[in-house]
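To start, the structure itself, in structure tokens.
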Amino acid sequence: MEVTVASWVALSLVLVSIIVRWAWGVLDWVWLKPKKLEKCLREQGLRGKPYRFLYGDLKEDTILLQHANSKPMNLSTSLDIAPRLIPFLDQTVKTYGKNCFTWDGPVPRVTVMNPEDIQDVFTKLDEFRKPTGNPLTKLLATGLTSYEGEKWAKHRKIINPTFHVEKLKKMLPAIHKSCVEMIKEWESLASKEGSSCMLDVWPYLQHLTADVISRTAFGSSYQEGRKIFELLKEQGTLVISSLQSVYIPGCRFLPTKRNRRMKQIDNEVKGLLGGIINKREKAIEAGEATKDDLLGALMDSRLKVIEGDGNFGMSNEDVIEECKLFYFGGQETASILLVWTIILLCQNRNWQDQARQEVLQVCGSNKPDFDGLNHLKVVNMVLLEVLRLYPALVVMTRTTGKKTQLGKLSLPAGVQVGLPTLLIHRDKEMWGDDADEFNPERFAEGVLKATKSPLSFFPFGGGPRICIGQNFAMMEAKLALSLILQHFDLDLSPTYAHAPSYPMIRPHYGAPIILRKRYGVVT
């Protein structure tokens, strides 16, 4: 009996110890650590709202965002979209200055807007890493953009050759084929109405860029990948929903409706991509040469793993994750760039006319080729200005895993660093008083002369981790825009409502455009 009682006492003490340690860990996470970090940041001159238990600034951020997005913007009174897309951060910077911080739940996020500091964040990869964040976001895509260290370097080395100039040239016919299919559909719709029609071009541009990614990266058409895109689009909506609340460790395992659906989508996408990979495997086994596309590069790497060279190649799971990333990221960024380019050219007819005149001078009425696209200076200026005003990501984040020096700041471990792309791209100190206005002329002599510091322009990120597909995206946008300008005059429909949405800047109510056919163009 004494032994039994002693055992129960010992067990009880162990359980009490575990509960106490767990409770202390929770207290440290939700209160003690945030307050300690806040004190450290304030002592260095950084300002922001006091930490509020668990939620930090998330509740107020969500309320302001919902209010800002409750109705379209009035274009006649303001061109500044920051109060709509990032209202809390915009308000914080205006109240406390550029040296400020906000709270992402119990984690402080230091806003960085100084160009020299931005360069350090992009180049010092060991000190500033991608935040792990909410694990549910990994169900959307991981791949190259989220890996660190040796795994990132290995994947970058494998994928990088796919986007070399010679490979890009080979992709141009596939991009052209996708563009022509869309152009012909638009012409058919316009013909039914005489010679012009009103059309919401946003879904067409999404389909276009999805088709381009499918053909150039995976050798399939959009029809084959349609289900994957639909699933990833739904997954993106669910991820955004999950980011609007504090992530409680372990909550992803709860059988909530959202969690179950996200895992179901993940399994479906993996299954569909697995089918594409198996189809390519059978083609290789049948003696067909490996294609010069992204999947071809990934498949070559996967074969090296199978043959035992695991230090260089990718696993099957790695291949699927990279496919997910390029399916989602490659399509989304290009469609956003194209839709805002069309909208802004409708609002600024003088630049639409200049861009069209240049395309007709360089390409005539013929199919634009690779060299011709590289000679489109005005078109390039227009695209750079759109990337400045409507970057795909409004804020880029990094995190400190250890005490880190950033300029004059000594950042403790566990602090996020936020690069507010939207605010920096429209900073009047860097870009001038017309920073909110569409003025491609600022890029007439390139990025170096467009701003006081080229480090204040980073639509594709920067440093060694700069977007691997940026040249592909620009080539795709130039070709699509050139063909559109060759075939159509563009005007905004009276029904257009200006409503950029968060977090990737999509047109919330679409992009209804009046298309007027032009004639004598060869596709």
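Each chain in the structure tokens gets a letter, A, B, ..., in the order shown, and its residues are numbered from 1; ligands are numbered from 1 in order too.
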
ask   = Which residues, written as a list in words, have at least one atom at most 10 Å from A:Asn74, with only C-alpha atoms counted and residues fewer than 5 positions away on the same chain left out?
value =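 Contacts, in chain order: Leu79, Ala497, His498 and Ala499 of chain A.
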
Against stretch 383-405 of chain A, which residues of stretch 139-198 of chain A fall within 12 Å? For each one I want the closest pair of atoms and the distance in Å (one decimal), counting only C-alpha atoms, rows by chain and increasing residue number, as a tab-separated table.
```
residue	atom	partner	partner_atom	distance
A:Thr145	CA	A:Met396	CA	11.8
A:Ser146	CA	A:Arg398	CA	10.8
A:Glu148	CA	A:Arg398	CA	11.8
```

What does the file look like for those residues with C-alpha atoms, as an mmCIF file, in the first residue's frame?
```
data_model
loop_
_atom_site.group_PDB
_atom_site.id
_atom_site.type_symbol
_atom_site.label_atom_id
_atom_site.label_comp_id
_atom_site.auth_asym_id
_atom_site.auth_seq_id
_atom_site.Cartn_x
_atom_site.Cartn_y
_atom_site.Cartn_z
ATOM 1 C CA THR A 145 9.795 30.494 -51.598
ATOM 2 C CA SER A 146 9.542 29.008 -48.108
ATOM 3 C CA GLU A 148 15.833 27.954 -46.082
#
```

key: Pick from A:Leu406, A:Leu411, A:Val447, A:Ile468, whichever lies nearest to A:Ile118 using only C-alpha atoms   =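 That would be A:Leu406, the residue with the smallest distance to A:Ile118.
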
Please identify every residue of stretch 86-118 of chain A that has at least one atom no farther than 12 Å from an atom of stretch 59-69 of chain A, counting only C-alpha atoms, and for each give the shortest atom pair and the distance in Å to one decimal, arranged by chain then increasing number, as JSON lines.
```
{"residue": "A:Ile86", "atom": "CA", "partner": "A:Leu65", "partner_atom": "CA", "distance": 7.1}
{"residue": "A:Pro87", "atom": "CA", "partner": "A:Leu64", "partner_atom": "CA", "distance": 6.2}
{"residue": "A:Phe88", "atom": "CA", "partner": "A:Asp61", "partner_atom": "CA", "distance": 5.3}
{"residue": "A:Leu89", "atom": "CA", "partner": "A:Asp61", "partner_atom": "CA", "distance": 8.1}
{"residue": "A:Asp90", "atom": "CA", "partner": "A:Asp61", "partner_atom": "CA", "distance": 10.5}
{"residue": "A:Gln91", "atom": "CA", "partner": "A:Leu64", "partner_atom": "CA", "distance": 9.9}
{"residue": "A:Thr92", "atom": "CA", "partner": "A:Asp61", "partner_atom": "CA", "distance": 10.6}
{"residue": "A:Thr102", "atom": "CA", "partner": "A:Asp61", "partner_atom": "CA", "distance": 10.0}
{"residue": "A:Trp103", "atom": "CA", "partner": "A:Asp61", "partner_atom": "CA", "distance": 9.7}
{"residue": "A:Asp104", "atom": "CA", "partner": "A:Asp61", "partner_atom": "CA", "distance": 9.6}
{"residue": "A:Gly105", "atom": "CA", "partner": "A:Lys59", "partner_atom": "CA", "distance": 9.1}
```

Output as JSON lines one row per residue of stretch 194-296 of chain A within 9 Å of stretch 324-330 of chain A: the closest atom pair and its distance in Å to one decimal place, counting only C-alpha atoms, sorted by chain and residue number ascending.
```
{"residue": "A:Thr209", "atom": "CA", "partner": "A:Gly330", "partner_atom": "CA", "distance": 7.7}
{"residue": "A:Ala210", "atom": "CA", "partner": "A:Tyr327", "partner_atom": "CA", "distance": 7.3}
{"residue": "A:Ile213", "atom": "CA", "partner": "A:Gly330", "partner_atom": "CA", "distance": 6.5}
{"residue": "A:Ser214", "atom": "CA", "partner": "A:Tyr327", "partner_atom": "CA", "distance": 7.4}
{"residue": "A:Ala217", "atom": "CA", "partner": "A:Phe326", "partner_atom": "CA", "distance": 8.0}
{"residue": "A:Gly225", "atom": "CA", "partner": "A:Tyr327", "partner_atom": "CA", "distance": 8.8}
{"residue": "A:Ile228", "atom": "CA", "partner": "A:Tyr327", "partner_atom": "CA", "distance": 8.1}
{"residue": "A:Phe229", "atom": "CA", "partner": "A:Phe328", "partner_atom": "CA", "distance": 7.1}
{"residue": "A:Leu232", "atom": "CA", "partner": "A:Phe328", "partner_atom": "CA", "distance": 6.6}
{"residue": "A:Lys233", "atom": "CA", "partner": "A:Phe328", "partner_atom": "CA", "distance": 7.8}
{"residue": "A:Gly236", "atom": "CA", "partner": "A:Phe328", "partner_atom": "CA", "distance": 8.9}
{"residue": "A:Val269", "atom": "CA", "partner": "A:Lys324", "partner_atom": "CA", "distance": 7.9}
{"residue": "A:Lys270", "atom": "CA", "partner": "A:Lys324", "partner_atom": "CA", "distance": 8.3}
{"residue": "A:Leu273", "atom": "CA", "partner": "A:Lys324", "partner_atom": "CA", "distance": 8.0}
```

May I have the residues from that selection written out with C-alpha atoms, as a PDB file, in the first residue's frame?
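Result written to selection-v2.pdb:
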```pdb
ATOM      1  CA  THR A 209      -2.060  33.090 -67.154  1.00  0.00           C
ATOM      2  CA  ALA A 210      -3.202  29.716 -65.819  1.00  0.00           C
ATOM      3  CA  ILE A 213       1.786  28.260 -66.658  1.00  0.00           C
ATOM      4  CA  SER A 214       0.281  24.879 -67.528  1.00  0.00           C
ATOM      5  CA  ALA A 217       5.868  24.650 -66.926  1.00  0.00           C
ATOM      6  CA  GLY A 225      -5.112  21.906 -65.010  1.00  0.00           C
ATOM      7  CA  ILE A 228      -6.026  22.292 -59.813  1.00  0.00           C
ATOM      8  CA  PHE A 229      -6.451  26.052 -60.249  1.00  0.00           C
ATOM      9  CA  LEU A 232      -5.840  26.307 -55.195  1.00  0.00           C
ATOM     10  CA  LYS A 233      -8.018  29.406 -55.538  1.00  0.00           C
ATOM     11  CA  GLY A 236      -6.085  30.638 -50.995  1.00  0.00           C
ATOM     12  CA  VAL A 269      -4.316  18.748 -55.476  1.00  0.00           C
ATOM     13  CA  LYS A 270      -1.540  16.313 -54.623  1.00  0.00           C
ATOM     14  CA  LEU A 273      -0.386  16.690 -59.654  1.00  0.00           C
TER      15      LEU A 273
END
```

Please return as a PDB file with N, CA and C atoms, in the first residue's frame: the residues of stretch 173-377 of chain A that backbone DSSP assigns to strand (DSSP E or B).
```
ATOM      1  N   SER A 196     -17.703  46.070 -81.111  1.00  0.00           N
ATOM      2  CA  SER A 196     -17.253  46.335 -79.743  1.00  0.00           C
ATOM      3  C   SER A 196     -18.179  45.647 -78.755  1.00  0.00           C
ATOM      4  N   CYS A 197     -17.662  45.457 -77.541  1.00  0.00           N
ATOM      5  CA  CYS A 197     -18.486  44.848 -76.490  1.00  0.00           C
ATOM      6  C   CYS A 197     -17.943  45.243 -75.135  1.00  0.00           C
ATOM      7  N   MET A 198     -18.758  45.084 -74.122  1.00  0.00           N
ATOM      8  CA  MET A 198     -18.321  45.283 -72.747  1.00  0.00           C
ATOM      9  C   MET A 198     -18.028  43.911 -72.158  1.00  0.00           C
ATOM     10  N   LEU A 199     -16.835  43.764 -71.579  1.00  0.00           N
ATOM     11  CA  LEU A 199     -16.399  42.455 -71.098  1.00  0.00           C
ATOM     12  C   LEU A 199     -15.612  42.615 -69.802  1.00  0.00           C
ATOM     13  N   ASP A 200     -15.915  41.782 -68.808  1.00  0.00           N
ATOM     14  CA  ASP A 200     -15.088  41.725 -67.608  1.00  0.00           C
ATOM     15  C   ASP A 200     -13.856  40.885 -67.956  1.00  0.00           C
TER      16      ASP A 200
END
```

task = Can you pull out every residue within 7 Å of stretch 110-116 of chain A, counting only C-alpha atoms, but drop anything in the same chain fewer than 3 positions away, and send it as a ChimeraX atom specification?
result = /A:98-102,119-120,416-419,424,453,455-456

Prev. selection, N, CA and C atoms, output as an mmCIF file, in the first residue's frame:
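Result saved to selection.cif:
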```cif
data_model
loop_
_atom_site.group_PDB
_atom_site.id
_atom_site.type_symbol
_atom_site.label_atom_id
_atom_site.label_comp_id
_atom_site.auth_asym_id
_atom_site.auth_seq_id
_atom_site.Cartn_x
_atom_site.Cartn_y
_atom_site.Cartn_z
ATOM 1 N N LYS A 98 7.862 56.333 -39.554
ATOM 2 C CA LYS A 98 8.357 55.128 -40.230
ATOM 3 C C LYS A 98 9.034 54.148 -39.274
ATOM 4 N N ASN A 99 9.586 54.631 -38.188
ATOM 5 C CA ASN A 99 10.200 53.742 -37.197
ATOM 6 C C ASN A 99 9.131 53.291 -36.195
ATOM 7 N N CYS A 100 8.379 52.298 -36.577
ATOM 8 C CA CYS A 100 7.263 51.866 -35.746
ATOM 9 C C CYS A 100 7.137 50.350 -35.753
ATOM 10 N N PHE A 101 6.236 49.851 -34.936
ATOM 11 C CA PHE A 101 5.974 48.413 -34.911
ATOM 12 C C PHE A 101 4.479 48.176 -34.694
ATOM 13 N N THR A 102 4.022 47.022 -35.144
ATOM 14 C CA THR A 102 2.649 46.580 -34.924
ATOM 15 C C THR A 102 2.702 45.187 -34.306
ATOM 16 N N GLN A 119 17.917 46.484 -47.976
ATOM 17 C CA GLN A 119 18.949 45.678 -48.629
ATOM 18 C C GLN A 119 19.503 44.619 -47.674
ATOM 19 N N ASP A 120 19.741 44.993 -46.427
ATOM 20 C CA ASP A 120 20.257 44.029 -45.442
ATOM 21 C C ASP A 120 19.262 42.880 -45.227
ATOM 22 N N GLN A 416 9.374 39.914 -35.918
ATOM 23 C CA GLN A 416 9.182 39.950 -37.359
ATOM 24 C C GLN A 416 9.657 41.290 -37.914
ATOM 25 N N VAL A 417 10.112 41.266 -39.148
ATOM 26 C CA VAL A 417 10.480 42.483 -39.865
ATOM 27 C C VAL A 417 9.545 42.590 -41.060
ATOM 28 N N GLY A 418 8.830 43.717 -41.167
ATOM 29 C CA GLY A 418 7.883 43.911 -42.257
ATOM 30 C C GLY A 418 8.382 44.934 -43.263
ATOM 31 N N LEU A 419 8.417 44.546 -44.535
ATOM 32 C CA LEU A 419 8.759 45.468 -45.618
ATOM 33 C C LEU A 419 7.460 45.822 -46.339
ATOM 34 N N ILE A 424 6.317 51.711 -49.446
ATOM 35 C CA ILE A 424 7.645 52.106 -49.927
ATOM 36 C C ILE A 424 7.578 52.504 -51.400
ATOM 37 N N SER A 453 16.468 56.017 -54.506
ATOM 38 C CA SER A 453 17.216 54.797 -54.215
ATOM 39 C C SER A 453 16.554 53.614 -54.919
ATOM 40 N N LEU A 455 16.718 50.729 -54.196
ATOM 41 C CA LEU A 455 16.318 49.758 -53.176
ATOM 42 C C LEU A 455 14.893 50.017 -52.678
ATOM 43 N N SER A 456 14.289 51.110 -53.153
ATOM 44 C CA SER A 456 12.901 51.392 -52.778
ATOM 45 C C SER A 456 11.929 50.845 -53.826
#
```

Exercise: A:Val339 partners within 9 Å, only C-alpha atoms, chain neighbours under 3 positions left out, as a list in words = Val201, Trp202, Leu205, Gln206, Ala334, Ser335, Ile336, Ile342, Ile343, Leu344, Arg506, Pro507 and Ala511 of chain A

task = Rank A:Tyr96, A:Gly149, A:Lys367, A:Met430 by their smallest atom-to-atom distance to A:Leu46, using only C-alpha atoms, and report the top residue only.
result = A:Tyr96

inquiry  = Report, in Å with one decimal, the straight-line distance from atom CA of A:Ser191 to atom CA of A:Leu479.
reply    =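 Interatomic distance, atom CA of A:Ser191 to atom CA of A:Leu479: 23.3 Å.
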
message = List the spatial neighbours of stretch 23-33 of chain A as a ChimeraX atom specification - criterion: any atom at most 9 Å away, only C-alpha atoms, same-chain residues fewer than 5 positions off excluded.
response = /A:18,38,51-55,105-107

Keeping N, CA and C atoms for every residue in the selection just given, could you write it to a file as a short mmCIF file (atom, residue, chain, number, x, y, z; two decimals), in the first residue's frame?
```cif
data_model
loop_
_atom_site.label_atom_id
_atom_site.label_comp_id
_atom_site.auth_asym_id
_atom_site.auth_seq_id
_atom_site.Cartn_x
_atom_site.Cartn_y
_atom_site.Cartn_z
N ILE A 18 4.31 19.06 -15.01
CA ILE A 18 4.01 19.23 -16.44
C ILE A 18 3.01 20.36 -16.65
N GLU A 38 8.46 44.25 -26.31
CA GLU A 38 7.96 45.62 -26.46
C GLU A 38 8.89 46.62 -25.76
N TYR A 51 1.02 46.43 -26.44
CA TYR A 51 0.60 45.06 -26.69
C TYR A 51 -0.72 44.78 -25.97
N ARG A 52 -1.65 44.17 -26.70
CA ARG A 52 -2.92 43.75 -26.12
C ARG A 52 -3.00 42.24 -26.10
N PHE A 53 -3.43 41.71 -24.99
CA PHE A 53 -3.35 40.27 -24.69
C PHE A 53 -3.77 39.40 -25.87
N LEU A 54 -2.88 38.52 -26.27
CA LEU A 54 -3.05 37.48 -27.28
C LEU A 54 -3.25 38.02 -28.69
N TYR A 55 -4.25 38.90 -28.90
CA TYR A 55 -4.60 39.33 -30.25
C TYR A 55 -3.71 40.45 -30.78
N GLY A 105 -0.67 39.31 -33.50
CA GLY A 105 -0.93 38.49 -32.33
C GLY A 105 0.09 38.85 -31.26
N PRO A 106 0.76 37.87 -30.63
CA PRO A 106 1.76 38.19 -29.61
C PRO A 106 3.16 38.45 -30.18
N VAL A 107 3.27 38.56 -31.50
CA VAL A 107 4.58 38.76 -32.13
C VAL A 107 4.68 40.19 -32.67
#
```

inquiry  = Which residue is closest to A:Leu172? Choose from A:Asp369, A:Asp427, A:Glu322, A:Asp489 and count only C-alpha atoms.
reply    =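 Nearest candidate to A:Leu172 out of A:Asp369, A:Asp427, A:Glu322, A:Asp489: A:Asp369.
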
task = May I ask for the distance between atom CA of A:Pro368 and atom CA of A:Ile505, given in Å to one decimal place?
result = 28.6 Å

task = For atom CA of A:Ala480 and atom CA of A:Phe458, quote the distance in Å rounded to one decimal.
result =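 Separation between atom CA of A:Ala480 and atom CA of A:Phe458: 22.6 Å.
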
task = Can you list, as an NGL selection string, all residues belonging to stretch 257-357 of chain A that DSSP tags as alpha helix (DSSP H)?
result = :A and (257-285 or 294-306 or 316-347 or 349-357)

Writing out the chosen residues with C-alpha atoms as a PDB file, in the first residue's frame:
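Dumped everything to again.pdb:
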```
ATOM      1  CA  LYS A 257     -15.004  22.606 -41.079  1.00  0.00           C
ATOM      2  CA  ARG A 258     -12.227  24.843 -42.432  1.00  0.00           C
ATOM      3  CA  ASN A 259      -9.422  22.518 -41.360  1.00  0.00           C
ATOM      4  CA  ARG A 260     -11.138  19.487 -42.882  1.00  0.00           C
ATOM      5  CA  ARG A 261     -11.755  21.291 -46.186  1.00  0.00           C
ATOM      6  CA  MET A 262      -8.169  22.580 -46.393  1.00  0.00           C
ATOM      7  CA  LYS A 263      -6.757  19.099 -45.866  1.00  0.00           C
ATOM      8  CA  GLN A 264      -9.232  17.664 -48.378  1.00  0.00           C
ATOM      9  CA  ILE A 265      -8.150  20.224 -50.992  1.00  0.00           C
ATOM     10  CA  ASP A 266      -4.495  19.486 -50.263  1.00  0.00           C
ATOM     11  CA  ASN A 267      -5.037  15.772 -50.858  1.00  0.00           C
ATOM     12  CA  GLU A 268      -6.981  16.420 -54.082  1.00  0.00           C
ATOM     13  CA  VAL A 269      -4.316  18.748 -55.476  1.00  0.00           C
ATOM     14  CA  LYS A 270      -1.540  16.313 -54.623  1.00  0.00           C
ATOM     15  CA  GLY A 271      -3.511  13.566 -56.323  1.00  0.00           C
ATOM     16  CA  LEU A 272      -4.022  15.599 -59.518  1.00  0.00           C
ATOM     17  CA  LEU A 273      -0.386  16.690 -59.654  1.00  0.00           C
ATOM     18  CA  GLY A 274       0.677  13.131 -58.944  1.00  0.00           C
ATOM     19  CA  GLY A 275      -1.316  12.118 -62.027  1.00  0.00           C
ATOM     20  CA  ILE A 276       0.539  14.679 -64.196  1.00  0.00           C
ATOM     21  CA  ILE A 277       3.866  13.437 -62.820  1.00  0.00           C
ATOM     22  CA  ASN A 278       2.947   9.782 -63.475  1.00  0.00           C
ATOM     23  CA  LYS A 279       1.919  10.678 -67.034  1.00  0.00           C
ATOM     24  CA  ARG A 280       5.329  12.303 -67.599  1.00  0.00           C
ATOM     25  CA  GLU A 281       7.062   9.275 -66.036  1.00  0.00           C
ATOM     26  CA  LYS A 282       5.365   6.924 -68.476  1.00  0.00           C
ATOM     27  CA  ALA A 283       6.390   9.146 -71.383  1.00  0.00           C
ATOM     28  CA  ILE A 284      10.018   9.040 -70.206  1.00  0.00           C
ATOM     29  CA  GLU A 285       9.832   5.240 -69.801  1.00  0.00           C
ATOM     30  CA  LEU A 294       9.869  23.147 -65.209  1.00  0.00           C
ATOM     31  CA  LEU A 295       8.438  19.681 -64.716  1.00  0.00           C
ATOM     32  CA  GLY A 296      11.191  18.254 -66.908  1.00  0.00           C
ATOM     33  CA  ALA A 297      13.842  19.780 -64.652  1.00  0.00           C
ATOM     34  CA  LEU A 298      12.060  18.543 -61.546  1.00  0.00           C
ATOM     35  CA  MET A 299      11.631  15.043 -63.020  1.00  0.00           C
ATOM     36  CA  ASP A 300      15.328  14.826 -63.876  1.00  0.00           C
ATOM     37  CA  SER A 301      16.076  15.728 -60.282  1.00  0.00           C
ATOM     38  CA  ARG A 302      13.613  13.169 -58.949  1.00  0.00           C
ATOM     39  CA  LEU A 303      15.272  10.437 -61.029  1.00  0.00           C
ATOM     40  CA  LYS A 304      18.574  11.268 -59.346  1.00  0.00           C
ATOM     41  CA  VAL A 305      16.922  10.600 -55.968  1.00  0.00           C
ATOM     42  CA  ILE A 306      15.548   7.281 -57.201  1.00  0.00           C
ATOM     43  CA  ASN A 316       8.491  13.055 -55.036  1.00  0.00           C
ATOM     44  CA  GLU A 317       6.939  15.226 -52.301  1.00  0.00           C
ATOM     45  CA  ASP A 318       9.354  18.057 -53.182  1.00  0.00           C
ATOM     46  CA  VAL A 319       8.333  17.892 -56.844  1.00  0.00           C
ATOM     47  CA  ILE A 320       4.643  18.115 -55.948  1.00  0.00           C
ATOM     48  CA  GLU A 321       5.222  21.127 -53.659  1.00  0.00           C
ATOM     49  CA  GLU A 322       7.186  22.991 -56.338  1.00  0.00           C
ATOM     50  CA  CYS A 323       4.407  22.252 -58.833  1.00  0.00           C
ATOM     51  CA  LYS A 324       1.805  23.653 -56.411  1.00  0.00           C
ATOM     52  CA  LEU A 325       3.886  26.785 -55.890  1.00  0.00           C
ATOM     53  CA  PHE A 326       4.313  27.511 -59.593  1.00  0.00           C
ATOM     54  CA  TYR A 327       0.718  26.679 -60.405  1.00  0.00           C
ATOM     55  CA  PHE A 328      -0.527  29.198 -57.832  1.00  0.00           C
ATOM     56  CA  GLY A 329       2.194  31.846 -57.700  1.00  0.00           C
ATOM     57  CA  GLY A 330       2.998  31.958 -61.406  1.00  0.00           C
ATOM     58  CA  GLN A 331      -0.620  32.379 -62.417  1.00  0.00           C
ATOM     59  CA  GLU A 332      -1.623  34.863 -59.716  1.00  0.00           C
ATOM     60  CA  THR A 333       1.217  37.361 -60.129  1.00  0.00           C
ATOM     61  CA  ALA A 334       0.954  37.584 -63.909  1.00  0.00           C
ATOM     62  CA  SER A 335      -2.839  37.978 -63.974  1.00  0.00           C
ATOM     63  CA  ILE A 336      -2.691  40.756 -61.352  1.00  0.00           C
ATOM     64  CA  LEU A 337      -0.017  42.618 -63.346  1.00  0.00           C
ATOM     65  CA  LEU A 338      -2.032  42.365 -66.570  1.00  0.00           C
ATOM     66  CA  VAL A 339      -5.399  43.389 -65.142  1.00  0.00           C
ATOM     67  CA  TRP A 340      -4.080  46.550 -63.462  1.00  0.00           C
ATOM     68  CA  THR A 341      -2.087  47.402 -66.587  1.00  0.00           C
ATOM     69  CA  ILE A 342      -5.267  47.305 -68.662  1.00  0.00           C
ATOM     70  CA  ILE A 343      -7.248  49.297 -66.082  1.00  0.00           C
ATOM     71  CA  LEU A 344      -4.558  51.984 -65.806  1.00  0.00           C
ATOM     72  CA  LEU A 345      -4.170  52.243 -69.585  1.00  0.00           C
ATOM     73  CA  CYS A 346      -7.936  52.757 -69.826  1.00  0.00           C
ATOM     74  CA  GLN A 347      -7.692  55.541 -67.253  1.00  0.00           C
ATOM     75  CA  ARG A 349      -5.501  56.961 -72.729  1.00  0.00           C
ATOM     76  CA  ASN A 350      -2.385  58.944 -73.699  1.00  0.00           C
ATOM     77  CA  TRP A 351      -0.178  56.122 -72.400  1.00  0.00           C
ATOM     78  CA  GLN A 352      -2.375  53.495 -74.059  1.00  0.00           C
ATOM     79  CA  ASP A 353      -1.916  55.296 -77.373  1.00  0.00           C
ATOM     80  CA  GLN A 354       1.865  55.632 -76.859  1.00  0.00           C
ATOM     81  CA  ALA A 355       2.223  51.947 -75.974  1.00  0.00           C
ATOM     82  CA  ARG A 356       0.133  50.853 -78.983  1.00  0.00           C
ATOM     83  CA  GLN A 357       2.075  53.116 -81.335  1.00  0.00           C
TER      84      GLN A 357
END
```

Near A:Phe122, within 9 Å and counting only C-alpha atoms, which residues show up once chain neighbours fewer than 3 positions away are dropped, as an mmCIF file with C-alpha atoms, in the first residue's frame?
```
data_model
loop_
_atom_site.group_PDB
_atom_site.id
_atom_site.type_symbol
_atom_site.label_atom_id
_atom_site.label_comp_id
_atom_site.auth_asym_id
_atom_site.auth_seq_id
_atom_site.Cartn_x
_atom_site.Cartn_y
_atom_site.Cartn_z
ATOM 1 C CA ASP A 117 17.968 48.376 -44.132
ATOM 2 C CA ILE A 118 15.798 46.822 -46.841
ATOM 3 C CA GLN A 119 18.949 45.678 -48.629
ATOM 4 C CA LEU A 125 19.683 35.267 -45.443
ATOM 5 C CA PHE A 128 16.394 37.295 -41.737
ATOM 6 C CA GLY A 461 11.687 40.872 -53.853
ATOM 7 C CA GLY A 462 15.451 41.313 -53.772
ATOM 8 C CA GLY A 463 18.819 39.815 -52.993
ATOM 9 C CA PRO A 464 19.672 36.144 -53.660
ATOM 10 C CA ARG A 465 16.011 35.166 -53.121
ATOM 11 C CA ILE A 466 14.618 37.505 -55.780
#
```
